[in-house]
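Notes to accompany the following structure.
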Amino acid sequence: MTQCKNCLQPTDNKYCPNCGQQTNLNRITLGGLLHDLPHAIFHIDRGILYNLTQLFKRPGPAINEYLGGKRKPFFHPASYLVIALVLNYLVVKMTDLHFYDKGELLSMSPLKAEAIREYDEMQWWFLEHTYIYILFAISASSVFLYGIYKLSKQTYNLAETAAIVLFTTAQGVLVQTFIYLCFGWIHSGPFLRTVESVNMSILVFYASFVSFQLLASIKHIPVRLLMAFVAGFGLTAVWVASAYLLYLVLT
């Protein structure tokens, strides 16, 4: 018989029947996160819908529950991101999404038309080479967010911050996938470039909303809003910059 470290109730189970948290609770470490990765990628359980709903309704508290040891209801964040990226890939391929149409290019100056074609080529390169830049982007984003949280006097370690990045990014990719599914069929360059701008704004807002909830210990609301926006905007910017950097290096 052991004692749950969360609610202090005696239990013989791995998960406490009273609160649902692991009875033998340890903080997330980089070693533990990597150790769980093969299982996370190749085993699918019932947590995907739970992730989806909780990360929309209450992302900060839900992530803190996961980090605190109540992991049984959740789908592993690495698996969640992998599935989100696969769905995104399928939707983009299915809609044959391009950020220009041939008709509009004829009415543009050659320089502007070439810039739009290059932008479209980069987006498709990112799609086809996600497996190359994803680890770099996760690492860079985690280090950036870890710095922001340390500056805000939060106690998340680097592995916990990586889990936050995985959850946040996966949810953002699913939002992007839904938007593409709704509007990717409309083959109008100006419209789809506007949709992409709206999409990026939504991602920044969502990442900022997650950080706003995670920074609940900051009682001064204007400061909390500012730090949340810096975290959300910075997370999105570092992720995108990581992809562009690898594109420039590898092409």
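In the structure tokens, chains take the letters A, B, ... in the order shown, each chain's residues start at 1, and ligands count up from 1 in the order shown.
Within the 9 Å cut-off around stretch 224-231 of chain A, using only C-alpha atoms and omitting residues fewer than 6 positions from it on the same chain, the listed residues are Phe144, Leu145, Ile148, Tyr149, Ser152, Val204, Phe205, Ala207, Ser208, Phe209, Val210, Ser211, Phe212, Gln213, Leu214, Leu215, Ala216, Ser217 and Ile218 of chain A.
Residues of stretch 67-98 of chain A that DSSP, applied to the backbone, places in alpha helix (DSSP H): Leu67, Pro77, Ala78, Ser79, Tyr80, Leu81, Val82, Ile83, Ala84, Leu85, Val86, Leu87, Asn88, Tyr89, Leu90, Val91, Val92, Lys93, Met94 and Thr95 of chain A.
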Note to self: Excluding A:Gln176 and its own-chain neighbours fewer than 4 positions away, which residues fall within 10 Å of it when counting only C-alpha atoms? Please give them as a PyMOL selection string.
What the structure shows: chain A and resi 84+88+170-172+180-182+195-196+198-200+202-203
Let's have the selection written as a short mmCIF file (atom, residue, chain, number, x, y, z; two decimals), in the first residue's frame, with N, CA and C atoms.
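Result file is part_32.cif:
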data_model
loop_
_atom_site.label_atom_id
_atom_site.label_comp_id
_atom_site.auth_asym_id
_atom_site.auth_seq_id
_atom_site.Cartn_x
_atom_site.Cartn_y
_atom_site.Cartn_z
N ALA A 84 -1.10 15.33 -35.65
CA ALA A 84 -1.53 16.63 -36.18
C ALA A 84 -0.79 16.95 -37.48
N ASN A 88 -2.36 17.36 -41.22
CA ASN A 88 -2.10 18.59 -41.96
C ASN A 88 -1.55 18.27 -43.35
N ALA A 170 0.95 21.26 -31.45
CA ALA A 170 0.03 20.27 -32.01
C ALA A 170 -1.38 20.84 -32.15
N GLN A 171 -1.83 21.53 -31.11
CA GLN A 171 -3.17 22.12 -31.17
C GLN A 171 -3.24 23.19 -32.25
N GLY A 172 -2.17 23.97 -32.37
CA GLY A 172 -2.12 24.98 -33.42
C GLY A 172 -2.13 24.38 -34.81
N TYR A 180 -7.45 24.90 -43.36
CA TYR A 180 -7.12 24.45 -44.71
C TYR A 180 -8.22 23.56 -45.29
N LEU A 181 -8.79 22.71 -44.45
CA LEU A 181 -9.85 21.82 -44.91
C LEU A 181 -11.07 22.61 -45.36
N CYS A 182 -11.35 23.71 -44.65
CA CYS A 182 -12.51 24.54 -44.99
C CYS A 182 -12.27 25.40 -46.23
N VAL A 195 -6.10 34.11 -45.88
CA VAL A 195 -6.41 33.03 -44.94
C VAL A 195 -5.17 32.64 -44.14
N GLU A 196 -4.02 32.57 -44.81
CA GLU A 196 -2.78 32.21 -44.13
C GLU A 196 -2.39 33.26 -43.09
N VAL A 198 -4.53 35.22 -41.47
CA VAL A 198 -5.48 35.02 -40.37
C VAL A 198 -5.08 33.80 -39.55
N ASN A 199 -4.68 32.75 -40.23
CA ASN A 199 -4.25 31.53 -39.56
C ASN A 199 -3.08 31.79 -38.62
N MET A 200 -2.08 32.53 -39.09
CA MET A 200 -0.91 32.84 -38.25
C MET A 200 -1.32 33.69 -37.05
N ILE A 202 -4.21 33.58 -35.54
CA ILE A 202 -4.89 32.67 -34.62
C ILE A 202 -3.87 31.86 -33.82
N LEU A 203 -2.82 31.40 -34.49
CA LEU A 203 -1.79 30.61 -33.81
C LEU A 203 -1.08 31.43 -32.74
#
Check: What lies within 12 Å of A:Gly103 using only C-alpha atoms, ignoring chain neighbours under 6 positions off, as an NGL selection string?
Finding: :A and (113 or 187-190)
